[in-house]
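S.K.: File my_file-v7.tsv follows (TSV, C-alpha atoms and all ligand atoms):
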chain	number	residue	atom	x	y	z
A	698	MET	CA	-1.47	8.26	0.68
A	699	GLY	CA	1.75	8.37	-1.34
A	700	ALA	CA	2.00	8.61	-5.09
A	701	GLY	CA	2.78	4.93	-5.38
A	702	GLY	CA	-0.50	3.94	-3.66
A	703	ALA	CA	-1.70	0.39	-4.02
A	704	GLY	CA	-2.78	-0.54	-7.47
A	705	TYR	CA	-2.80	2.90	-9.09
A	706	GLY	CA	0.10	2.12	-11.37
A	707	ALA	CA	-0.58	-1.57	-11.90
A	708	THR	CA	-1.45	-3.07	-15.24
A	709	MET	CA	-4.85	-4.64	-15.58
A	710	GLN	CA	-6.58	-7.87	-16.37
A	711	LEU	CA	-8.24	-8.37	-19.74
A	712	PRO	CA	-11.96	-7.59	-19.33
A	713	PRO	CA	-14.56	-10.33	-19.87
A	714	PRO	CA	-15.81	-10.43	-23.49
A	715	ARG	CA	-19.23	-9.10	-24.42
A	716	GLY	CA	-19.75	-10.74	-27.80
A	717	THR	CA	-18.10	-12.66	-30.63
A	718	LEU	CA	-15.55	-10.07	-31.61
A	719	SER	CA	-14.40	-9.04	-28.14
A	720	HIS	CA	-14.16	-12.76	-27.36
A	721	ARG	CA	-11.82	-13.35	-30.26
A	722	VAL	CA	-9.71	-10.29	-29.51
A	723	ARG	CA	-9.45	-11.34	-25.88
A	724	ASP	CA	-8.41	-14.89	-26.89
A	725	ALA	CA	-5.84	-13.50	-29.33
A	726	LEU	CA	-4.32	-11.23	-26.68
A	727	ALA	CA	-4.37	-13.84	-23.94
A	728	GLY	CA	-2.73	-16.44	-26.19
A	729	SER	CA	-0.31	-13.96	-27.81
A	730	SER	CA	-1.46	-15.32	-31.15
A	731	THR	CA	-3.79	-13.80	-33.68
A	732	ARG	CA	-4.95	-17.22	-34.85
A	733	PRO	CA	-8.42	-16.63	-33.28
A	734	LEU	CA	-8.71	-13.71	-35.72
A	735	ALA	CA	-7.37	-15.54	-38.77
A	736	SER	CA	-10.74	-15.86	-40.40
A	737	ARG	CA	-12.36	-12.52	-40.97
A	738	PRO	CA	-14.18	-11.41	-37.83
A	739	SER	CA	-17.93	-11.62	-38.12
A	740	PRO	CA	-19.73	-8.36	-38.88
A	741	VAL	CA	-20.17	-6.28	-35.77
A	742	ALA	CA	-22.38	-3.49	-37.04
A	743	ASP	CA	-25.30	-4.48	-34.82
A	744	ASP	CA	-23.40	-5.00	-31.64
A	745	HIS	CA	-21.98	-1.65	-30.62
A	746	HIS	CA	-20.92	-2.78	-27.20
A	747	ASP	CA	-18.97	-5.75	-28.54
A	748	ALA	CA	-17.23	-3.54	-31.11
A	749	ALA	CA	-16.52	-0.77	-28.61
A	750	LEU	CA	-15.02	-3.20	-26.10
A	751	ALA	CA	-12.86	-4.88	-28.78
A	752	LEU	CA	-11.56	-1.50	-29.94
A	753	TRP	CA	-11.01	-0.35	-26.37
A	754	MET	CA	-8.83	-3.45	-25.72
A	755	LEU	CA	-6.83	-2.82	-28.88
A	756	TYR	CA	-6.27	0.82	-27.90
A	757	GLU	CA	-5.25	-0.08	-24.40
A	758	LEU	CA	-2.23	-1.92	-25.83
A	759	HIS	CA	-0.89	1.58	-26.62
A	760	TYR	CA	-1.34	2.81	-23.05
A	761	ARG	CA	-0.42	0.37	-20.31
A	762	GLY	CA	-1.24	-3.03	-21.79
A	763	PHE	CA	-2.66	-5.98	-19.87
A	764	ASP	CA	-1.34	-8.45	-17.37
A	765	GLY	CA	-0.05	-11.52	-19.17
A	766	VAL	CA	-0.30	-10.03	-22.67
A	767	ASP	CA	2.91	-9.84	-24.70
A	768	ASP	CA	3.82	-6.15	-25.19
A	769	ARG	CA	4.70	-6.89	-28.80
A	770	MET	CA	1.01	-7.34	-29.55
A	771	GLU	CA	0.81	-3.52	-29.63
A	772	TRP	CA	2.24	-3.54	-33.16
A	773	ASP	CA	0.85	-6.83	-34.43
A	774	ALA	CA	-0.21	-6.32	-38.04
A	775	THR	CA	-3.39	-8.42	-37.77
A	776	LEU	CA	-4.56	-6.51	-34.70
A	777	LEU	CA	-3.74	-3.18	-36.36
A	778	GLY	CA	-5.77	-4.27	-39.40
A	779	LEU	CA	-8.76	-5.07	-37.20
A	780	ARG	CA	-8.30	-1.80	-35.31
A	781	ARG	CA	-8.40	0.07	-38.59
A	782	HIS	CA	-11.68	-1.61	-39.52
A	783	LEU	CA	-13.29	-0.72	-36.18
A	784	GLU	CA	-11.92	2.82	-36.29
A	785	ASP	CA	-13.36	3.37	-39.76
A	786	ASP	CA	-16.83	2.48	-38.43
A	787	LEU	CA	-16.42	4.74	-35.42
A	788	GLU	CA	-15.16	7.69	-37.44
A	789	GLN	CA	-17.89	7.22	-40.04
A	790	ASP	CA	-20.57	7.30	-37.32
A	791	LEU	CA	-19.06	10.40	-35.80
A	792	ARG	CA	-18.82	12.25	-39.09
A	793	THR	CA	-22.41	11.35	-39.95
A	794	ARG	CA	-23.69	12.80	-36.67
A	795	PHE	CA	-21.44	15.84	-37.10
A	796	ALA	CA	-22.79	16.51	-40.59
A	797	LYS	CA	-26.39	16.14	-39.36
A	798	SER	CA	-25.78	18.58	-36.52
A	799	GLY	CA	-24.79	21.33	-38.96
A	800	THR	CA	-22.07	22.50	-36.55
A	801	SER	CA	-19.55	24.85	-38.18
A	802	ALA	CA	-17.27	27.75	-37.33
A	803	GLU	CA	-15.24	30.46	-39.04
A	804	SER	CA	-12.69	30.71	-36.23
A	805	VAL	CA	-11.59	28.75	-33.17
A	806	GLU	CA	-13.17	31.34	-30.82
A	807	GLU	CA	-16.54	30.03	-31.98
A	808	ILE	CA	-15.89	26.90	-29.93
A	809	PHE	CA	-17.16	28.96	-26.97
A	810	ARG	CA	-20.41	29.63	-28.84
A	811	ILE	CA	-20.75	26.01	-29.99
A	812	CYS	CA	-20.37	24.80	-26.39
A	813	ASP	CA	-22.82	27.45	-25.17
A	814	GLU	CA	-25.46	26.66	-27.74
A	815	HIS	CA	-25.18	22.90	-27.44
A	816	GLU	CA	-28.41	21.62	-25.99
A	817	GLY	CA	-29.36	18.26	-24.63
A	818	ALA	CA	-29.02	16.08	-21.62
A	819	ALA	CA	-26.51	17.15	-18.98
A	820	LEU	CA	-25.53	15.28	-15.85
A	821	SER	CA	-24.21	17.98	-13.55
A	822	PRO	CA	-27.56	19.65	-12.64
A	823	TYR	CA	-28.94	16.25	-11.66
A	824	LEU	CA	-25.80	15.37	-9.70
A	825	HIS	CA	-25.93	18.73	-7.98
A	826	ARG	CA	-29.52	18.47	-6.72
A	827	HIS	CA	-30.93	14.97	-6.98
A	828	ALA	CA	-28.46	12.11	-7.39
A	829	THR	CA	-28.40	9.50	-4.65
A	830	ARG	CA	-25.18	8.17	-3.23
A	831	GLU	CA	-25.53	4.97	-5.27
A	832	GLN	CA	-26.10	6.94	-8.49
A	833	PHE	CA	-23.02	9.04	-7.80
A	834	LEU	CA	-20.92	5.93	-7.24
A	835	GLU	CA	-22.28	4.38	-10.43
A	836	LEU	CA	-21.20	7.44	-12.36
A	837	LEU	CA	-17.76	7.63	-10.72
A	838	ARG	CA	-17.13	3.99	-11.65
A	839	ALA	CA	-17.95	4.82	-15.28
A	840	ARG	CA	-15.88	8.03	-15.22
A	841	SER	CA	-12.89	6.12	-13.89
A	842	VAL	CA	-12.35	4.53	-17.30
A	843	TYR	CA	-11.17	7.95	-18.47
A	844	HIS	CA	-10.13	9.81	-15.33
A	845	LEU	CA	-7.59	7.17	-14.29
A	846	LYS	CA	-5.72	8.00	-17.50
A	847	GLU	CA	-6.86	11.61	-17.58
A	848	SER	CA	-5.13	13.69	-20.25
A	849	ASP	CA	-3.16	10.77	-21.68
A	850	PRO	CA	-5.01	10.51	-25.03
A	851	VAL	CA	-4.18	14.09	-26.04
A	852	SER	CA	-0.51	13.68	-25.10
A	853	TRP	CA	-0.10	11.66	-28.31
A	854	ALA	CA	-0.62	14.93	-30.18
A	855	ILE	CA	2.39	16.75	-28.68
A	856	PRO	CA	5.12	15.69	-31.13
A	857	ARG	CA	2.77	16.37	-34.04
A	858	LEU	CA	2.42	20.12	-33.42
A	859	GLY	CA	4.29	23.25	-34.41
A	860	THR	CA	6.15	25.42	-31.89
A	861	ALA	CA	3.39	27.64	-30.46
A	862	ALA	CA	0.69	24.97	-30.20
A	863	LYS	CA	3.17	22.49	-28.74
A	864	ALA	CA	4.40	24.90	-26.05
A	865	ALA	CA	0.81	25.75	-25.04
A	866	LEU	CA	-0.38	22.14	-24.97
A	867	VAL	CA	2.58	21.14	-22.80
A	868	GLU	CA	1.78	24.02	-20.45
A	869	LEU	CA	-1.77	22.69	-20.06
A	870	GLN	CA	-0.64	19.08	-19.74
A	871	TYR	CA	1.92	20.09	-17.11
A	872	ASP	CA	-1.03	21.19	-14.91
A	873	GLU	CA	-2.98	18.02	-15.66
A	874	TYR	CA	0.05	15.94	-14.72
A	875	GLY	CA	0.49	17.74	-11.40
A	876	GLY	CA	3.13	20.34	-12.24
A	877	GLY	CA	5.94	17.98	-11.24
A	878	ASP	CA	4.20	16.71	-8.08
A	879	PRO	CA	2.81	13.16	-8.49
A	880	ASN	CA	0.35	13.81	-5.65
A	881	ARG	CA	-1.28	16.55	-7.71
A	882	LEU	CA	-1.53	14.56	-10.94
A	883	HIS	CA	-5.22	14.71	-11.83
A	884	ALA	CA	-5.55	10.99	-12.53
A	885	HIS	CA	-4.01	10.35	-9.14
A	886	LEU	CA	-6.36	12.82	-7.41
A	887	PHE	CA	-9.26	10.92	-8.95
A	888	ALA	CA	-7.83	7.59	-7.79
A	889	ARG	CA	-7.56	8.91	-4.24
A	890	GLY	CA	-11.13	10.18	-4.48
A	891	MET	CA	-12.28	6.73	-5.57
A	892	ALA	CA	-10.53	5.06	-2.66
A	893	ALA	CA	-12.13	7.57	-0.28
A	894	CYS	CA	-15.55	6.64	-1.73
A	895	GLY	CA	-14.85	2.96	-1.06
A	896	LEU	CA	-14.34	2.24	-4.77
A	897	ASP	CA	-11.49	0.28	-6.31
A	898	PRO	CA	-8.96	2.78	-7.75
A	899	THR	CA	-7.14	0.16	-9.81
A	900	TYR	CA	-6.75	1.18	-13.42
A	901	GLY	CA	-9.44	-0.50	-15.53
A	902	ALA	CA	-11.26	-2.01	-12.52
A	903	TYR	CA	-14.72	-1.00	-13.79
A	904	VAL	CA	-14.32	-1.43	-17.53
A	905	ALA	CA	-16.40	-4.61	-17.54
A	906	GLN	CA	-19.47	-2.69	-16.33
A	907	ALA	CA	-18.92	0.49	-18.35
A	908	PRO	CA	-21.84	1.38	-20.65
A	909	THR	CA	-21.23	1.37	-24.39
A	910	GLU	CA	-21.32	5.18	-24.47
A	911	VAL	CA	-18.43	5.39	-22.00
A	912	LEU	CA	-16.28	2.95	-23.98
A	913	GLU	CA	-17.05	4.94	-27.14
A	914	GLN	CA	-16.12	8.23	-25.49
A	915	ASN	CA	-12.76	6.76	-24.54
A	916	ASN	CA	-12.30	5.25	-27.98
A	917	VAL	CA	-12.98	8.58	-29.68
A	918	MET	CA	-10.24	10.25	-27.63
A	919	SER	CA	-7.79	7.48	-28.52
A	920	LEU	CA	-8.80	7.64	-32.18
A	921	PHE	CA	-8.08	11.38	-32.28
A	922	GLY	CA	-4.89	11.03	-30.25
A	923	LEU	CA	-3.31	8.16	-32.12
A	924	HIS	CA	-3.78	9.50	-35.65
A	925	ARG	CA	-1.63	12.45	-36.68
A	926	ARG	CA	-4.20	13.02	-39.43
A	927	LEU	CA	-6.76	13.81	-36.69
A	928	ARG	CA	-4.61	16.10	-34.52
A	929	GLY	CA	-7.01	18.98	-35.18
A	930	ALA	CA	-9.87	16.90	-33.80
A	931	ALA	CA	-7.77	15.92	-30.75
A	932	LEU	CA	-7.22	19.59	-29.90
A	933	GLY	CA	-10.80	20.60	-30.66
A	934	HIS	CA	-11.98	17.83	-28.35
A	935	LEU	CA	-9.65	19.08	-25.63
A	936	ALA	CA	-10.94	22.64	-26.08
A	937	ALA	CA	-14.61	21.68	-25.74
A	938	PHE	CA	-13.77	19.43	-22.79
A	939	GLU	CA	-12.11	22.33	-20.94
A	940	VAL	CA	-14.84	24.84	-21.86
A	941	THR	CA	-17.53	22.57	-20.43
A	942	SER	CA	-15.67	21.52	-17.28
A	943	SER	CA	-15.48	24.39	-14.81
A	944	LEU	CA	-19.17	25.00	-13.98
A	945	PRO	CA	-20.18	21.30	-14.02
A	946	SER	CA	-17.18	20.52	-11.78
A	947	ARG	CA	-18.50	23.05	-9.25
A	948	ARG	CA	-21.98	21.49	-9.35
A	949	ILE	CA	-20.59	17.99	-8.96
A	950	ALA	CA	-18.43	19.04	-5.97
A	951	GLN	CA	-21.56	20.60	-4.40
A	952	GLY	CA	-23.55	17.43	-5.11
A	953	LEU	CA	-20.88	15.32	-3.38
A	954	ASP	CA	-20.92	17.75	-0.48
A	955	ARG	CA	-24.75	17.48	-0.24
A	956	LEU	CA	-24.33	13.72	0.23
A	957	ASP	CA	-21.36	14.18	2.52
A	958	LEU	CA	-19.36	12.00	0.14
A	959	ALA	CA	-15.57	11.75	0.24
A	960	ASP	CA	-13.67	15.01	0.68
A	961	ALA	CA	-10.92	13.63	-1.56
A	962	MET	CA	-13.37	13.31	-4.45
A	963	GLN	CA	-14.75	16.80	-3.80
A	964	HIS	CA	-11.16	18.01	-3.92
A	965	TYR	CA	-10.69	16.45	-7.36
A	966	TYR	CA	-13.70	18.34	-8.74
A	967	ARG	CA	-12.86	21.61	-6.95
A	968	GLU	CA	-9.41	21.52	-8.52
A	969	HIS	CA	-11.15	21.59	-11.90
A	970	VAL	CA	-13.31	24.63	-11.14
A	971	GLU	CA	-10.32	26.98	-11.08
A	972	ALA	CA	-7.94	25.03	-13.30
A	973	ASP	CA	-10.34	24.59	-16.20
A	974	ALA	CA	-11.44	28.22	-16.17
A	975	VAL	CA	-7.80	28.89	-17.12
A	976	HIS	CA	-7.44	25.82	-19.34
A	977	GLU	CA	-10.42	26.74	-21.50
A	978	GLN	CA	-8.76	29.97	-22.57
A	979	LEU	CA	-5.44	28.25	-23.16
A	980	ALA	CA	-7.03	25.37	-25.08
A	981	VAL	CA	-9.29	27.43	-27.34
A	982	ARG	CA	-7.31	30.58	-28.01
A	983	THR	CA	-3.70	29.52	-27.68
A	984	ILE	CA	-3.60	25.80	-28.53
A	985	CYS	CA	-6.32	25.59	-31.21
A	986	GLY	CA	-5.56	29.18	-32.26
A	987	ALA	CA	-1.90	28.39	-32.93
A	988	LEU	CA	-2.73	25.14	-34.70
A	989	VAL	CA	-5.18	26.81	-37.08
A	990	ALA	CA	-2.92	29.85	-37.62
A	991	GLU	CA	-0.28	27.41	-38.84
A	992	SER	CA	-2.61	24.99	-40.64
A	993	PRO	CA	-5.90	26.75	-41.53
A	994	GLU	CA	-7.14	23.61	-43.30
A	995	LEU	CA	-7.45	21.93	-39.87
A	996	LEU	CA	-10.24	24.23	-38.63
A	997	ASP	CA	-12.98	21.81	-39.71
A	998	ASP	CA	-11.32	18.98	-37.80
A	999	VAL	CA	-10.98	21.18	-34.72
A	1000	VAL	CA	-14.74	21.79	-34.91
A	1001	LEU	CA	-15.38	18.07	-35.48
A	1002	GLY	CA	-13.40	17.33	-32.31
A	1003	ALA	CA	-15.32	19.91	-30.28
A	1004	PHE	CA	-18.62	18.50	-31.56
A	1005	ALA	CA	-17.53	14.94	-30.77
A	1006	CYS	CA	-16.74	15.91	-27.18
A	1007	LEU	CA	-20.19	17.47	-26.65
A	1008	ASP	CA	-21.99	14.71	-28.52
A	1009	GLN	CA	-20.33	11.86	-26.60
A	1010	GLU	CA	-20.94	13.52	-23.28
A	1011	GLU	CA	-24.59	14.08	-24.12
A	1012	ARG	CA	-25.03	10.40	-25.03
A	1013	ILE	CA	-23.52	9.40	-21.71
A	1014	ALA	CA	-25.78	11.84	-19.87
A	1015	ARG	CA	-28.84	10.45	-21.64
A	1016	HIS	CA	-27.83	6.91	-20.74
A	1017	PHE	CA	-27.60	7.66	-17.03
A	1018	LEU	CA	-30.55	10.06	-16.80
A	1019	ASP	CA	-32.83	7.58	-18.57
A	1020	ARG	CA	-31.89	4.92	-16.05
A	1021	TRP	CA	-32.12	7.15	-13.01
A	1022	GLU	CA	-35.33	8.91	-13.97
A	1023	ALA	CA	-36.97	5.57	-14.77
A	1024	ALA	CA	-36.01	4.35	-11.29
A	1025	ALA	CA	-37.31	7.50	-9.56
B	1	FE	FE	-7.86	17.52	-15.18
B	2	FE	FE	-8.14	20.84	-17.52
Any chance you could give the structure as structure tokens?
Ligand SMILES: [Fe+2]
Ligand SMILES: [Fe+2]

M.R.:
Amino acid sequence: MGAGGAGYGATMQLPPPRGTLSHRVRDALAGSSTRPLASRPSPVADDHHDAALALWMLYELHYRGFDGVDDRMEWDATLLGLRRHLEDDLEQDLRTRFAKSGTSAESVEEIFRICDEHEGAALSPYLHRHATREQFLELLRARSVYHLKESDPVSWAIPRLGTAAKAALVELQYDEYGGGDPNRLHAHLFARGMAACGLDPTYGAYVAQAPTEVLEQNNVMSLFGLHRRLRGAALGHLAAFEVTSSLPSRRIAQGLDRLDLADAMQHYYREHVEADAVHEQLAVRTICGALVAESPELLDDVVLGAFACLDQEERIARHFLDRWEAAA
């Protein structure tokens, strides 16, 4: 299939609302008017899914937008004000969990140790040995929320970096974006894998059924990417992501093979076995190393980002394993 395959580059429909706030955001975007938000939105503290979906919609205005939504809504002051409010809650939650975890480091190399020592639920051993075809497809639908825009959130950081960190991040991103070949772009490889599994590869197709944890994981990456203040966290997140990718990618490819599921999807994961063994070194030592050499005060944020990556992934793993083990 060519790089311009059906639907891969298309914009998406607004997802159905999941509560008062996402309803009002959706109405505001659909009507290109923030009147539905004129009165202060009701408190959302208790409804994490509603808040996560509302924030996800607001972030998506900065990526590809939505069908029928005026592109100028991206910089609408009322929407930005609401985004700020939701981001403050998200960041506060993250920092609270980070503080409780006691995670700290004296140097960026300790990211390897932090990833190694991080305990908790993990999906890849289950996917390797036990997952059914339906469970695999359920997970791939959830993963598509990120993988169909793989690497985009950290690209926001590029213009915010000094020479050495910028050169190294672009080297890594060049791989993620296919090294000049659209057919090797990782997001595109994932889309082809989805199609081969009989899933809809259209960007955003499965957002409506994504669990809260998946929306939050995506929101955290956008939060880090879109705020220059949080560039250290964006790069720390990238580093932990790469460090924890190679071995799980191998297990997932083997799990797909066990079920005889889609070669194209196995190919996506196999690509990450080799690539991320290289990327982890580049991300930790060169990218985060250069950032902290230039701005030592950002080390704590780099560690926060690494923690956030592990923490979000663990919450997603717990969500799925709880469901699957209960059904077993
Ligand atoms: Fe990738
Ligand atoms: Fe990578």

S.K.: Find the nearest atom pair between each residue of segment 709-771 of chain A and segment 775-788 of chain A for residues within 8 Å, count only C-alpha atoms, give distances in Å to one decimal, sort rows by chain and ascending number, and present the table as a tab-separated table.

M.R.:
residue	atom	partner	partner_atom	distance
A:Thr731	CA	A:Thr775	CA	6.8
A:Leu734	CA	A:Thr775	CA	7.8
A:Ala748	CA	A:Leu783	CA	7.0
A:Leu752	CA	A:Arg780	CA	6.3
A:Leu755	CA	A:Arg780	CA	6.7
A:Met770	CA	A:Leu776	CA	7.6
A:Glu771	CA	A:Leu776	CA	8.0

S.K.: With all atoms listed in the file as the basis for distance, which of A:Leu1007, A:Ala839, A:Val975, A:Ile1013 is at the shortest distance from Val904 of chain A?

M.R.: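 For Val904 of chain A, the nearest of the given residues is A:Ala839.
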
S.K.: Can you pull out every residue with an atom within 7 Å of ligand FE 1 (chain B)? Use all atoms listed in the file and format it as a list in words.

M.R.: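 I would give the residues around ligand FE 1 (chain B) as Glu847, Ser848, Glu873, His883 and His969 of chain A.
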
S.K.: Ligand FE 2 (chain B): which residues are within 9 Å, counting only C-alpha atoms and all ligand atoms? Reply as a JSON list (two decimals) with C-alpha atoms, in the coordinates of the input.

M.R.:
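So part33.json came out as:
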[["chain", "number", "residue", "atom", "x", "y", "z"],
["A", 848, "SER", "CA", -5.13, 13.69, -20.25],
["A", 869, "LEU", "CA", -1.77, 22.69, -20.06],
["A", 870, "GLN", "CA", -0.64, 19.08, -19.74],
["A", 872, "ASP", "CA", -1.03, 21.19, -14.91],
["A", 873, "GLU", "CA", -2.98, 18.02, -15.66],
["A", 883, "HIS", "CA", -5.22, 14.71, -11.83],
["A", 935, "LEU", "CA", -9.65, 19.08, -25.63],
["A", 938, "PHE", "CA", -13.77, 19.43, -22.79],
["A", 939, "GLU", "CA", -12.11, 22.33, -20.94],
["A", 940, "VAL", "CA", -14.84, 24.84, -21.86],
["A", 942, "SER", "CA", -15.67, 21.52, -17.28],
["A", 943, "SER", "CA", -15.48, 24.39, -14.81],
["A", 969, "HIS", "CA", -11.15, 21.59, -11.90],
["A", 972, "ALA", "CA", -7.94, 25.03, -13.30],
["A", 973, "ASP", "CA", -10.34, 24.59, -16.20],
["A", 974, "ALA", "CA", -11.44, 28.22, -16.17],
["A", 975, "VAL", "CA", -7.80, 28.89, -17.12],
["A", 976, "HIS", "CA", -7.44, 25.82, -19.34],
["A", 977, "GLU", "CA", -10.42, 26.74, -21.50],
["A", 980, "ALA", "CA", -7.03, 25.37, -25.08]]

S.K.: At a cut-off of 8 Å, using all atoms listed in the file, what residues contact Leu834 of chain A? Leave out same-chain residues fewer than 4 positions from it and give the result as a list in words.

M.R.: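 My list of contacting residues is Arg830, Arg838, Cys894 and Leu896 of chain A.
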
S.K.: As a compact mmCIF listing (two decimals), in the frame of the given file, please: segment 718-731 of chain A completed to N, CA, C and O atoms.

M.R.:
# COMPACT_ATOMS: atom_id res chain seq x y z
N LEU A 718 -16.80 -10.73 -31.23
CA LEU A 718 -15.55 -10.07 -31.61
C LEU A 718 -14.66 -9.83 -30.40
O LEU A 718 -13.45 -10.12 -30.43
N SER A 719 -15.23 -9.29 -29.32
CA SER A 719 -14.40 -9.04 -28.14
C SER A 719 -13.87 -10.36 -27.58
O SER A 719 -12.77 -10.41 -27.02
N HIS A 720 -14.62 -11.44 -27.77
CA HIS A 720 -14.16 -12.76 -27.36
C HIS A 720 -12.91 -13.15 -28.14
O HIS A 720 -11.91 -13.60 -27.58
N ARG A 721 -12.96 -12.94 -29.42
CA ARG A 721 -11.82 -13.35 -30.26
C ARG A 721 -10.61 -12.46 -30.01
O ARG A 721 -9.47 -12.94 -30.02
N VAL A 722 -10.84 -11.19 -29.81
CA VAL A 722 -9.71 -10.29 -29.51
C VAL A 722 -9.09 -10.68 -28.17
O VAL A 722 -7.86 -10.77 -28.03
N ARG A 723 -9.94 -10.95 -27.20
CA ARG A 723 -9.45 -11.34 -25.88
C ARG A 723 -8.62 -12.63 -25.99
O ARG A 723 -7.53 -12.73 -25.43
N ASP A 724 -9.14 -13.62 -26.72
CA ASP A 724 -8.41 -14.89 -26.89
C ASP A 724 -7.07 -14.65 -27.59
O ASP A 724 -6.06 -15.25 -27.24
N ALA A 725 -7.08 -13.79 -28.60
CA ALA A 725 -5.84 -13.50 -29.33
C ALA A 725 -4.81 -12.87 -28.40
O ALA A 725 -3.63 -13.25 -28.39
N LEU A 726 -5.25 -11.92 -27.58
CA LEU A 726 -4.32 -11.23 -26.68
C LEU A 726 -3.83 -12.18 -25.59
O LEU A 726 -2.63 -12.23 -25.30
N ALA A 727 -4.74 -12.95 -25.04
CA ALA A 727 -4.37 -13.84 -23.94
C ALA A 727 -3.40 -14.92 -24.42
O ALA A 727 -2.47 -15.30 -23.70
N GLY A 728 -3.58 -15.38 -25.66
CA GLY A 728 -2.73 -16.44 -26.19
C GLY A 728 -1.54 -15.92 -26.96
O GLY A 728 -0.76 -16.69 -27.51
N SER A 729 -1.38 -14.58 -27.03
CA SER A 729 -0.31 -13.96 -27.81
C SER A 729 -0.25 -14.53 -29.22
O SER A 729 0.82 -14.77 -29.77
N SER A 730 -1.39 -14.79 -29.79
CA SER A 730 -1.46 -15.32 -31.15
C SER A 730 -2.72 -14.79 -31.79
O SER A 730 -3.79 -14.80 -31.18
N THR A 731 -2.60 -14.34 -33.02
CA THR A 731 -3.79 -13.80 -33.68
C THR A 731 -4.54 -14.89 -34.44
O THR A 731 -5.44 -14.57 -35.21
